[in-house]
Amino acid sequence: MDFSYSPKTEALCQQLTRFMDQYIVPRIREYNDAVHDGHLPVPFMEDLKQLAREQGLWNMFLPHLRDDEPGTALTNLEYAPLAEIMGRVSWSSEVFNCNAPDTGNMELLHMFANEQQRQQWLVPLLNGEIRSAFCMTEPDVSSSDATNITTSITRDGDDYVINGRKWFITNAAHPNCKLYIVMGKTDPEADTHHQQTMVLVPVGTPGVEVVRNPTVFHHTAPEGHCEILFRNVRVPVSNRLGEEGSGFELAQARLGPGRIHHCMRSIGAAELALELMTARAQERKAFGKYLHQHGTVGEWIARSRMEIEQARLLVLKAAWLIDKYGARAARKEISMIKAVVPTVHTAVADRAIQVFGAMGLTPDTPLADIFITGRALRFADGPDEVHLQTIARLELKNSAGQLAETSLYLTPPLR
């Protein structure tokens, strides 16, 4: 296994870092003020997107990007460090058209859309002209298991009729959101993994109601984590994505690379928290000593560095496996990173907040937002417990043939 960054990736990392330092970091306050005043998208976003595209920092997350499509095709391993850099500023990925959930939706459309769907939805998404949402999670069932969803998609002649309630639908409050990809059940009598289908629902279709945009830790996400009601929503059968009954398979295809993106952005946020903690520990004194000279704070810095390095290597291994063997071969590692990285993210952010004291709770630092994001990630794409069960199941399956050999290490051996 070789996780080293290629010269191409190193050059892109340097270019992206310069772009962030020159154009994004200086506008963090401007962005926050604009969002606070109700301006979304922020006034300067389109200018930054145009500049990023001109510099080739565009659509870098699609390994199979075609020659006639805008962007820079990178493998998951090549893209991972770029996602980490973007993760230092929560909104920066939109500048490069690399923001979730649009990235996952573009991957789905890239793999499974027909030509008409590509032209209507994928092309404007690749151009950064519209935003989109992925509607799977439901409030009344454990949606981490996609087979549990209850939204119905019923065939009626040449139409599908959709009824159900979704929530935590990211992007649904964004004014540029024009498409919902909705997952529901078309055949409850089919086997468990072939009951679901995905359909494309244009924003503004009659019967779609955005009920609310709930806060997260009393924090309002401007793009939204919305609750949406679908009441007798009618779309043509031609809006189906892929084959009927293929929804579960499509969802799994979408989640593999997306978890690499999530986790590397999460590591970028943890890195920033560690940098802030380290700087604060060297400039602040308590009881006559700098904070880092107190044993506890020094240990926090050390543990944070070790945990981030371990988490990053695990994500890079998962990215390498996906590139080489596909997401299915990396399913244990994908679950591992999803359980490990958000926990590291929140642990490092919590230590940094403690080092900053009360200031760490305020908007004077990004630490409160970093912590909230990390805590929410412990639910996004499945809660920790689901991934831990997956890891345990695969570990037990892999060890089934090793019991006899392992027993030789015991005295007396197993019989």
# chains A, B, ... in the order shown; residues from 1 in each chain; ligands from 1
$ residues_around --residues "stretch 236-243 of chain A" --least-positions-apart "4" --cutoff "7 Å" --atoms "only C-alpha atoms" --output "list in words"
Phe112, Ala113, Asp158, Asp159, Tyr160, Met198, Val199 and Leu200 of chain A
$ write_last_selection --atoms "N, CA and C atoms" --output "PDB file, in the first residue's frame"
ATOM      1  N   PHE A 112     -25.685   6.632 -13.200  1.00  0.00           N
ATOM      2  CA  PHE A 112     -26.952   5.962 -13.492  1.00  0.00           C
ATOM      3  C   PHE A 112     -27.954   6.781 -14.305  1.00  0.00           C
ATOM      4  N   ALA A 113     -27.714   8.060 -14.534  1.00  0.00           N
ATOM      5  CA  ALA A 113     -28.702   8.873 -15.252  1.00  0.00           C
ATOM      6  C   ALA A 113     -28.723   8.522 -16.735  1.00  0.00           C
ATOM      7  N   ASP A 158     -48.374   6.224 -16.334  1.00  0.00           N
ATOM      8  CA  ASP A 158     -47.040   6.691 -16.712  1.00  0.00           C
ATOM      9  C   ASP A 158     -46.410   7.565 -15.646  1.00  0.00           C
ATOM     10  N   ASP A 159     -47.002   7.584 -14.451  1.00  0.00           N
ATOM     11  CA  ASP A 159     -46.498   8.417 -13.359  1.00  0.00           C
ATOM     12  C   ASP A 159     -46.144   7.564 -12.149  1.00  0.00           C
ATOM     13  N   TYR A 160     -45.330   8.155 -11.275  1.00  0.00           N
ATOM     14  CA  TYR A 160     -45.138   7.685  -9.914  1.00  0.00           C
ATOM     15  C   TYR A 160     -45.806   8.690  -8.978  1.00  0.00           C
ATOM     16  N   MET A 198     -35.186   5.084  -6.557  1.00  0.00           N
ATOM     17  CA  MET A 198     -34.928   6.521  -6.496  1.00  0.00           C
ATOM     18  C   MET A 198     -35.602   7.214  -7.675  1.00  0.00           C
ATOM     19  N   VAL A 199     -36.213   8.359  -7.385  1.00  0.00           N
ATOM     20  CA  VAL A 199     -36.835   9.161  -8.443  1.00  0.00           C
ATOM     21  C   VAL A 199     -36.369  10.604  -8.303  1.00  0.00           C
ATOM     22  N   LEU A 200     -36.346  11.308  -9.413  1.00  0.00           N
ATOM     23  CA  LEU A 200     -35.930  12.705  -9.465  1.00  0.00           C
ATOM     24  C   LEU A 200     -37.166  13.592  -9.382  1.00  0.00           C
TER      25      LEU A 200
END
$ residues_around --residues "stretch 122-138 of chain A" --least-positions-apart "5" --cutoff "6 Å" --atoms "only C-alpha atoms" --output "PyMOL selection string"
chain A and resi 97+102+143+166-167+169+171-172+176-183
$ write_last_selection --atoms "N, CA and C atoms" --output "PDB file, in the first residue's frame"
ATOM      1  N   ASN A  97     -17.145  23.614  -6.216  1.00  0.00           N
ATOM      2  CA  ASN A  97     -18.195  22.695  -6.655  1.00  0.00           C
ATOM      3  C   ASN A  97     -17.954  21.278  -6.127  1.00  0.00           C
ATOM      4  N   ASP A 102     -24.261  17.673  -3.021  1.00  0.00           N
ATOM      5  CA  ASP A 102     -24.210  17.733  -4.484  1.00  0.00           C
ATOM      6  C   ASP A 102     -23.184  16.756  -5.057  1.00  0.00           C
ATOM      7  N   SER A 143     -33.326   5.229   9.752  1.00  0.00           N
ATOM      8  CA  SER A 143     -33.000   5.333   8.332  1.00  0.00           C
ATOM      9  C   SER A 143     -31.555   4.989   8.022  1.00  0.00           C
ATOM     10  N   LYS A 166     -39.700  13.145   4.974  1.00  0.00           N
ATOM     11  CA  LYS A 166     -38.245  13.056   5.110  1.00  0.00           C
ATOM     12  C   LYS A 166     -37.767  14.186   6.022  1.00  0.00           C
ATOM     13  N   TRP A 167     -36.582  13.985   6.621  1.00  0.00           N
ATOM     14  CA  TRP A 167     -36.022  15.105   7.366  1.00  0.00           C
ATOM     15  C   TRP A 167     -34.492  15.020   7.407  1.00  0.00           C
ATOM     16  N   ILE A 169     -32.722  16.939   5.521  1.00  0.00           N
ATOM     17  CA  ILE A 169     -32.434  16.969   4.091  1.00  0.00           C
ATOM     18  C   ILE A 169     -31.588  18.207   3.800  1.00  0.00           C
ATOM     19  N   ASN A 171     -29.465  21.058   2.097  1.00  0.00           N
ATOM     20  CA  ASN A 171     -29.574  21.879   0.890  1.00  0.00           C
ATOM     21  C   ASN A 171     -31.000  22.299   0.579  1.00  0.00           C
ATOM     22  N   ALA A 172     -31.975  21.695   1.240  1.00  0.00           N
ATOM     23  CA  ALA A 172     -33.363  21.937   0.849  1.00  0.00           C
ATOM     24  C   ALA A 172     -33.805  23.379   1.075  1.00  0.00           C
ATOM     25  N   ASN A 176     -30.885  27.972  -4.416  1.00  0.00           N
ATOM     26  CA  ASN A 176     -30.475  27.395  -5.696  1.00  0.00           C
ATOM     27  C   ASN A 176     -30.754  25.902  -5.800  1.00  0.00           C
ATOM     28  N   CYS A 177     -31.373  25.334  -4.766  1.00  0.00           N
ATOM     29  CA  CYS A 177     -31.713  23.906  -4.813  1.00  0.00           C
ATOM     30  C   CYS A 177     -32.869  23.703  -5.782  1.00  0.00           C
ATOM     31  N   LYS A 178     -32.642  22.906  -6.820  1.00  0.00           N
ATOM     32  CA  LYS A 178     -33.644  22.698  -7.865  1.00  0.00           C
ATOM     33  C   LYS A 178     -34.075  21.244  -8.019  1.00  0.00           C
ATOM     34  N   LEU A 179     -33.412  20.324  -7.308  1.00  0.00           N
ATOM     35  CA  LEU A 179     -33.691  18.903  -7.509  1.00  0.00           C
ATOM     36  C   LEU A 179     -33.635  18.151  -6.197  1.00  0.00           C
ATOM     37  N   TYR A 180     -34.653  17.298  -5.967  1.00  0.00           N
ATOM     38  CA  TYR A 180     -34.626  16.318  -4.892  1.00  0.00           C
ATOM     39  C   TYR A 180     -34.441  14.932  -5.516  1.00  0.00           C
ATOM     40  N   ILE A 181     -33.484  14.175  -5.013  1.00  0.00           N
ATOM     41  CA  ILE A 181     -33.414  12.752  -5.348  1.00  0.00           C
ATOM     42  C   ILE A 181     -34.061  12.015  -4.182  1.00  0.00           C
ATOM     43  N   VAL A 182     -35.215  11.413  -4.442  1.00  0.00           N
ATOM     44  CA  VAL A 182     -36.052  10.844  -3.386  1.00  0.00           C
ATOM     45  C   VAL A 182     -35.971   9.321  -3.440  1.00  0.00           C
ATOM     46  N   MET A 183     -35.743   8.720  -2.280  1.00  0.00           N
ATOM     47  CA  MET A 183     -35.719   7.264  -2.172  1.00  0.00           C
ATOM     48  C   MET A 183     -36.953   6.787  -1.424  1.00  0.00           C
TER      49      MET A 183
END
$ select_by_dssp --residues "stretch 190-301 of chain A" --states "alpha helix (DSSP H)" --output "PyMOL selection string"
chain A and resi 247-283+295-301
$ write_last_selection --atoms "C-alpha atoms" --output "PDB file, in the first residue's frame"
ATOM      1  CA  GLY A 247     -32.530   2.131  -4.915  1.00  0.00           C
ATOM      2  CA  PHE A 248     -30.623   0.291  -2.191  1.00  0.00           C
ATOM      3  CA  GLU A 249     -27.796  -0.554  -4.578  1.00  0.00           C
ATOM      4  CA  LEU A 250     -27.617   3.055  -5.772  1.00  0.00           C
ATOM      5  CA  ALA A 251     -27.519   4.336  -2.197  1.00  0.00           C
ATOM      6  CA  GLN A 252     -24.577   2.071  -1.378  1.00  0.00           C
ATOM      7  CA  ALA A 253     -22.708   3.237  -4.486  1.00  0.00           C
ATOM      8  CA  ARG A 254     -23.235   6.837  -3.406  1.00  0.00           C
ATOM      9  CA  LEU A 255     -22.002   6.404   0.162  1.00  0.00           C
ATOM     10  CA  GLY A 256     -18.531   4.883  -0.329  1.00  0.00           C
ATOM     11  CA  PRO A 257     -16.571   7.806  -1.812  1.00  0.00           C
ATOM     12  CA  GLY A 258     -18.831  10.284   0.018  1.00  0.00           C
ATOM     13  CA  ARG A 259     -17.598   8.992   3.355  1.00  0.00           C
ATOM     14  CA  ILE A 260     -14.003   9.599   2.243  1.00  0.00           C
ATOM     15  CA  HIS A 261     -14.967  13.206   1.465  1.00  0.00           C
ATOM     16  CA  HIS A 262     -16.805  13.673   4.781  1.00  0.00           C
ATOM     17  CA  CYS A 263     -13.976  12.195   6.824  1.00  0.00           C
ATOM     18  CA  MET A 264     -11.175  14.141   5.167  1.00  0.00           C
ATOM     19  CA  ARG A 265     -13.070  17.406   5.571  1.00  0.00           C
ATOM     20  CA  SER A 266     -13.572  16.382   9.195  1.00  0.00           C
ATOM     21  CA  ILE A 267      -9.836  15.843   9.604  1.00  0.00           C
ATOM     22  CA  GLY A 268      -9.221  19.289   8.139  1.00  0.00           C
ATOM     23  CA  ALA A 269     -11.493  20.807  10.786  1.00  0.00           C
ATOM     24  CA  ALA A 270      -9.715  18.839  13.524  1.00  0.00           C
ATOM     25  CA  GLU A 271      -6.351  20.058  12.220  1.00  0.00           C
ATOM     26  CA  LEU A 272      -7.528  23.662  12.467  1.00  0.00           C
ATOM     27  CA  ALA A 273      -8.782  23.056  16.016  1.00  0.00           C
ATOM     28  CA  LEU A 274      -5.387  21.604  16.978  1.00  0.00           C
ATOM     29  CA  GLU A 275      -3.552  24.555  15.432  1.00  0.00           C
ATOM     30  CA  LEU A 276      -5.723  26.990  17.361  1.00  0.00           C
ATOM     31  CA  MET A 277      -5.274  25.029  20.587  1.00  0.00           C
ATOM     32  CA  THR A 278      -1.497  24.926  20.159  1.00  0.00           C
ATOM     33  CA  ALA A 279      -1.287  28.645  19.465  1.00  0.00           C
ATOM     34  CA  ARG A 280      -3.501  29.495  22.424  1.00  0.00           C
ATOM     35  CA  ALA A 281      -1.478  27.263  24.739  1.00  0.00           C
ATOM     36  CA  GLN A 282       1.676  29.214  23.866  1.00  0.00           C
ATOM     37  CA  GLU A 283       0.256  32.693  24.376  1.00  0.00           C
ATOM     38  CA  GLY A 295       0.866  18.682  31.990  1.00  0.00           C
ATOM     39  CA  THR A 296      -2.777  18.213  31.082  1.00  0.00           C
ATOM     40  CA  VAL A 297      -2.737  20.683  28.186  1.00  0.00           C
ATOM     41  CA  GLY A 298       0.514  19.273  26.815  1.00  0.00           C
ATOM     42  CA  GLU A 299      -1.055  15.812  26.885  1.00  0.00           C
ATOM     43  CA  TRP A 300      -4.122  17.112  25.027  1.00  0.00           C
ATOM     44  CA  ILE A 301      -1.923  18.499  22.277  1.00  0.00           C
TER      45      ILE A 301
END
$ residues_around --residues "A:Pro206" --least-positions-apart "2" --cutoff "8 Å" --atoms "only C-alpha atoms" --output "PyMOL selection string"
chain A and resi 204+208+233-234
$ write_last_selection --atoms "N, CA and C atoms" --output "PDB file, in the first residue's frame"
ATOM      1  N   GLY A 204     -40.432  22.495  -6.468  1.00  0.00           N
ATOM      2  CA  GLY A 204     -41.620  23.194  -6.938  1.00  0.00           C
ATOM      3  C   GLY A 204     -42.706  22.279  -7.453  1.00  0.00           C
ATOM      4  N   VAL A 208     -45.108  18.921  -2.724  1.00  0.00           N
ATOM      5  CA  VAL A 208     -43.881  18.948  -1.925  1.00  0.00           C
ATOM      6  C   VAL A 208     -43.935  20.151  -0.986  1.00  0.00           C
ATOM      7  N   VAL A 233     -47.322  13.471  -4.458  1.00  0.00           N
ATOM      8  CA  VAL A 233     -46.436  14.121  -5.428  1.00  0.00           C
ATOM      9  C   VAL A 233     -46.356  13.243  -6.673  1.00  0.00           C
ATOM     10  N   ARG A 234     -46.643  13.821  -7.812  1.00  0.00           N
ATOM     11  CA  ARG A 234     -46.729  13.057  -9.057  1.00  0.00           C
ATOM     12  C   ARG A 234     -45.598  13.478 -10.001  1.00  0.00           C
TER      13      ARG A 234
END
$ residues_around --residues "A:His36" --least-positions-apart "4" --cutoff "9 Å" --atoms "only C-alpha atoms" --output "mmCIF file with N, CA and C atoms, in the first residue's frame"
data_model
loop_
_atom_site.group_PDB
_atom_site.id
_atom_site.type_symbol
_atom_site.label_atom_id
_atom_site.label_comp_id
_atom_site.auth_asym_id
_atom_site.auth_seq_id
_atom_site.Cartn_x
_atom_site.Cartn_y
_atom_site.Cartn_z
ATOM 1 N N TYR A 31 -18.593 36.312 5.092
ATOM 2 C CA TYR A 31 -19.547 35.228 4.865
ATOM 3 C C TYR A 31 -20.509 35.116 6.042
ATOM 4 N N ASN A 32 -19.960 35.094 7.255
ATOM 5 C CA ASN A 32 -20.803 34.955 8.446
ATOM 6 C C ASN A 32 -21.797 36.104 8.563
ATOM 7 N N PRO A 222 -27.836 27.586 7.148
ATOM 8 C CA PRO A 222 -28.556 28.389 6.150
ATOM 9 C C PRO A 222 -29.026 27.577 4.953
#
$ atom_distance --atom1 "atom CA of A:Leu108" --atom2 "atom CA of A:His194"
17.5 Å
$ residues_around --residues "A:Lys185" --least-positions-apart "5" --cutoff "8 Å" --atoms "only C-alpha atoms" --output "list in words"
Ile149, Thr150, Thr151, Ser152, Ile153, Thr154, Gln195, Gln196 and Thr197 of chain A
$ closest_residue --among "A:Pro202, A:Asp21, A:Gly164, A:Asp187" --to "A:Leu229" --atoms "only C-alpha atoms"
A:Gly164
$ residues_around --residues "A:Arg29" --least-positions-apart "4" --cutoff "12 Å" --atoms "only C-alpha atoms" --output "PDB file with N, CA and C atoms, in the first residue's frame"
ATOM      1  N   ILE A  24     -10.435  32.914   0.479  1.00  0.00           N
ATOM      2  CA  ILE A  24     -11.502  32.384   1.323  1.00  0.00           C
ATOM      3  C   ILE A  24     -11.330  32.794   2.786  1.00  0.00           C
ATOM      4  N   VAL A  25     -10.173  32.509   3.371  1.00  0.00           N
ATOM      5  CA  VAL A  25      -9.973  32.837   4.785  1.00  0.00           C
ATOM      6  C   VAL A  25     -10.237  34.316   5.079  1.00  0.00           C
ATOM      7  N   ASP A  33     -21.345  37.323   8.282  1.00  0.00           N
ATOM      8  CA  ASP A  33     -22.236  38.479   8.367  1.00  0.00           C
ATOM      9  C   ASP A  33     -23.341  38.398   7.324  1.00  0.00           C
ATOM     10  N   ALA A  34     -22.978  37.964   6.105  1.00  0.00           N
ATOM     11  CA  ALA A  34     -23.979  37.876   5.032  1.00  0.00           C
ATOM     12  C   ALA A  34     -25.046  36.837   5.367  1.00  0.00           C
ATOM     13  N   VAL A  35     -24.609  35.683   5.861  1.00  0.00           N
ATOM     14  CA  VAL A  35     -25.560  34.628   6.226  1.00  0.00           C
ATOM     15  C   VAL A  35     -26.444  35.089   7.380  1.00  0.00           C
ATOM     16  N   HIS A  36     -25.834  35.767   8.352  1.00  0.00           N
ATOM     17  CA  HIS A  36     -26.603  36.271   9.496  1.00  0.00           C
ATOM     18  C   HIS A  36     -27.676  37.256   9.049  1.00  0.00           C
ATOM     19  N   VAL A  42     -24.184  33.867  -0.664  1.00  0.00           N
ATOM     20  CA  VAL A  42     -23.540  35.127  -0.288  1.00  0.00           C
ATOM     21  C   VAL A  42     -23.142  35.866  -1.563  1.00  0.00           C
ATOM     22  N   VAL A  89     -12.513  25.319   6.369  1.00  0.00           N
ATOM     23  CA  VAL A  89     -13.567  26.343   6.335  1.00  0.00           C
ATOM     24  C   VAL A  89     -14.822  25.654   5.823  1.00  0.00           C
ATOM     25  N   PRO A 363     -18.694  33.014  19.072  1.00  0.00           N
ATOM     26  CA  PRO A 363     -18.359  33.104  17.647  1.00  0.00           C
ATOM     27  C   PRO A 363     -17.000  33.750  17.380  1.00  0.00           C
ATOM     28  N   ASP A 364     -16.258  34.127  18.429  1.00  0.00           N
ATOM     29  CA  ASP A 364     -14.938  34.711  18.225  1.00  0.00           C
ATOM     30  C   ASP A 364     -13.930  33.696  17.697  1.00  0.00           C
ATOM     31  N   THR A 365     -14.227  32.425  17.846  1.00  0.00           N
ATOM     32  CA  THR A 365     -13.412  31.359  17.248  1.00  0.00           C
ATOM     33  C   THR A 365     -14.348  30.445  16.463  1.00  0.00           C
ATOM     34  N   PRO A 366     -13.808  29.635  15.552  1.00  0.00           N
ATOM     35  CA  PRO A 366     -14.657  28.674  14.833  1.00  0.00           C
ATOM     36  C   PRO A 366     -14.888  27.387  15.604  1.00  0.00           C
TER      37      PRO A 366
END
$ closest_residue --among "A:Met60, A:Ala319, A:Val210, A:Ala311" --to "A:Ser4" --atoms "only C-alpha atoms"
A:Ala319
$ select_by_dssp --residues "stretch 157-333 of chain A" --states "strand (DSSP E)" --output "JSON, numbers by chain"
{"A": [159, 160, 161, 162, 163, 164, 165, 166, 167, 168, 169, 170, 177, 178, 179, 180, 181, 182, 183, 184, 185, 196, 197, 198, 199, 200, 201, 202, 208, 209, 210, 211, 212, 225, 226, 227, 228, 229, 230, 231, 232, 233, 234, 235, 236, 240, 241, 285, 286, 289, 290]}
$ write_last_selection --atoms "N, CA and C atoms" --output "short mmCIF file (atom, residue, chain, number, x, y, z; two decimals), in the first residue's frame"
data_model
loop_
_atom_site.label_atom_id
_atom_site.label_comp_id
_atom_site.auth_asym_id
_atom_site.auth_seq_id
_atom_site.Cartn_x
_atom_site.Cartn_y
_atom_site.Cartn_z
N ASP A 159 -47.00 7.58 -14.45
CA ASP A 159 -46.50 8.42 -13.36
C ASP A 159 -46.14 7.56 -12.15
N TYR A 160 -45.33 8.15 -11.28
CA TYR A 160 -45.14 7.69 -9.91
C TYR A 160 -45.81 8.69 -8.98
N VAL A 161 -46.44 8.17 -7.92
CA VAL A 161 -47.05 9.02 -6.90
C VAL A 161 -46.30 8.78 -5.59
N ILE A 162 -45.78 9.84 -5.00
CA ILE A 162 -44.90 9.75 -3.83
C ILE A 162 -45.63 10.28 -2.61
N ASN A 163 -45.59 9.50 -1.51
CA ASN A 163 -46.14 9.93 -0.23
C ASN A 163 -45.18 9.55 0.88
N GLY A 164 -44.84 10.51 1.70
CA GLY A 164 -43.93 10.23 2.81
C GLY A 164 -43.38 11.50 3.42
N ARG A 165 -42.60 11.32 4.47
CA ARG A 165 -42.00 12.44 5.18
C ARG A 165 -40.50 12.17 5.34
N LYS A 166 -39.70 13.14 4.97
CA LYS A 166 -38.24 13.06 5.11
C LYS A 166 -37.77 14.19 6.02
N TRP A 167 -36.58 13.98 6.62
CA TRP A 167 -36.02 15.11 7.37
C TRP A 167 -34.49 15.02 7.41
N PHE A 168 -33.88 16.11 7.92
CA PHE A 168 -32.45 16.32 7.82
C PHE A 168 -31.99 16.23 6.37
N ILE A 169 -32.72 16.94 5.52
CA ILE A 169 -32.43 16.97 4.09
C ILE A 169 -31.59 18.21 3.80
N THR A 170 -30.30 18.00 3.69
CA THR A 170 -29.36 19.10 3.50
C THR A 170 -29.55 19.74 2.13
N CYS A 177 -31.37 25.33 -4.77
CA CYS A 177 -31.71 23.91 -4.81
C CYS A 177 -32.87 23.70 -5.78
N LYS A 178 -32.64 22.91 -6.82
CA LYS A 178 -33.64 22.70 -7.86
C LYS A 178 -34.08 21.24 -8.02
N LEU A 179 -33.41 20.32 -7.31
CA LEU A 179 -33.69 18.90 -7.51
C LEU A 179 -33.64 18.15 -6.20
N TYR A 180 -34.65 17.30 -5.97
CA TYR A 180 -34.63 16.32 -4.89
C TYR A 180 -34.44 14.93 -5.52
N ILE A 181 -33.48 14.17 -5.01
CA ILE A 181 -33.41 12.75 -5.35
C ILE A 181 -34.06 12.01 -4.18
N VAL A 182 -35.22 11.41 -4.44
CA VAL A 182 -36.05 10.84 -3.39
C VAL A 182 -35.97 9.32 -3.44
N MET A 183 -35.74 8.72 -2.28
CA MET A 183 -35.72 7.26 -2.17
C MET A 183 -36.95 6.79 -1.42
N GLY A 184 -37.67 5.86 -2.03
CA GLY A 184 -38.86 5.30 -1.41
C GLY A 184 -39.08 3.88 -1.87
N LYS A 185 -40.18 3.28 -1.41
CA LYS A 185 -40.47 1.88 -1.73
C LYS A 185 -41.47 1.79 -2.88
N GLN A 196 -36.73 -0.75 -2.92
CA GLN A 196 -36.55 0.70 -2.98
C GLN A 196 -36.19 1.17 -4.40
N THR A 197 -36.62 2.40 -4.69
CA THR A 197 -36.32 3.03 -5.97
C THR A 197 -36.04 4.50 -5.72
N MET A 198 -35.19 5.08 -6.56
CA MET A 198 -34.93 6.52 -6.50
C MET A 198 -35.60 7.21 -7.67
N VAL A 199 -36.21 8.36 -7.38
CA VAL A 199 -36.83 9.16 -8.44
C VAL A 199 -36.37 10.60 -8.30
N LEU A 200 -36.35 11.31 -9.41
CA LEU A 200 -35.93 12.70 -9.47
C LEU A 200 -37.17 13.59 -9.38
N VAL A 201 -37.21 14.45 -8.38
CA VAL A 201 -38.36 15.32 -8.16
C VAL A 201 -37.90 16.77 -8.26
N PRO A 202 -38.31 17.50 -9.29
CA PRO A 202 -37.92 18.91 -9.38
C PRO A 202 -38.50 19.71 -8.23
N VAL A 208 -45.11 18.92 -2.72
CA VAL A 208 -43.88 18.95 -1.93
C VAL A 208 -43.93 20.15 -0.99
N GLU A 209 -43.82 19.89 0.31
CA GLU A 209 -43.87 20.97 1.30
C GLU A 209 -42.65 20.90 2.21
N VAL A 210 -41.85 21.96 2.19
CA VAL A 210 -40.74 22.08 3.14
C VAL A 210 -41.35 22.57 4.45
N VAL A 211 -41.45 21.67 5.42
CA VAL A 211 -42.17 21.96 6.66
C VAL A 211 -41.38 22.90 7.56
N ARG A 212 -40.08 22.64 7.71
CA ARG A 212 -39.26 23.46 8.61
C ARG A 212 -37.80 23.16 8.38
N HIS A 225 -31.33 21.77 6.98
CA HIS A 225 -31.42 20.32 7.26
C HIS A 225 -32.91 20.04 7.40
N CYS A 226 -33.63 20.19 6.33
CA CYS A 226 -35.08 20.40 6.39
C CYS A 226 -35.90 19.13 6.56
N GLU A 227 -37.07 19.34 7.11
CA GLU A 227 -38.12 18.33 7.11
C GLU A 227 -39.03 18.62 5.92
N ILE A 228 -39.29 17.58 5.11
CA ILE A 228 -40.05 17.76 3.87
C ILE A 228 -41.18 16.74 3.82
N LEU A 229 -42.35 17.21 3.50
CA LEU A 229 -43.52 16.34 3.35
C LEU A 229 -43.83 16.17 1.86
N PHE A 230 -43.96 14.91 1.44
CA PHE A 230 -44.36 14.58 0.07
C PHE A 230 -45.78 14.03 0.14
N ARG A 231 -46.74 14.80 -0.38
CA ARG A 231 -48.14 14.42 -0.30
C ARG A 231 -48.72 14.29 -1.71
N ASN A 232 -48.90 13.04 -2.17
CA ASN A 232 -49.43 12.78 -3.51
C ASN A 232 -48.64 13.53 -4.58
N VAL A 233 -47.32 13.47 -4.46
CA VAL A 233 -46.44 14.12 -5.43
C VAL A 233 -46.36 13.24 -6.67
N ARG A 234 -46.64 13.82 -7.81
CA ARG A 234 -46.73 13.06 -9.06
C ARG A 234 -45.60 13.48 -10.00
N VAL A 235 -44.79 12.49 -10.43
CA VAL A 235 -43.74 12.73 -11.41
C VAL A 235 -43.80 11.63 -12.46
N PRO A 236 -43.35 11.90 -13.67
CA PRO A 236 -43.38 10.85 -14.70
C PRO A 236 -42.42 9.71 -14.38
N ARG A 240 -37.46 8.23 -13.00
CA ARG A 240 -36.80 7.21 -12.19
C ARG A 240 -35.31 7.21 -12.50
N LEU A 241 -34.49 7.05 -11.46
CA LEU A 241 -33.05 6.96 -11.62
C LEU A 241 -32.66 5.49 -11.53
N LYS A 285 -1.32 32.41 29.75
CA LYS A 285 -0.75 31.93 31.00
C LYS A 285 -1.84 31.70 32.04
N ALA A 286 -1.61 30.73 32.91
CA ALA A 286 -2.46 30.49 34.08
C ALA A 286 -1.58 30.01 35.21
N LYS A 289 2.31 30.01 34.54
CA LYS A 289 2.93 29.23 33.47
C LYS A 289 2.06 29.30 32.21
N TYR A 290 2.72 29.17 31.05
CA TYR A 290 1.95 29.04 29.83
C TYR A 290 1.13 27.76 29.88
#
$ atom_distance --atom1 "atom CA of A:Asn76" --atom2 "atom CA of A:Asp323"
6.3 Å
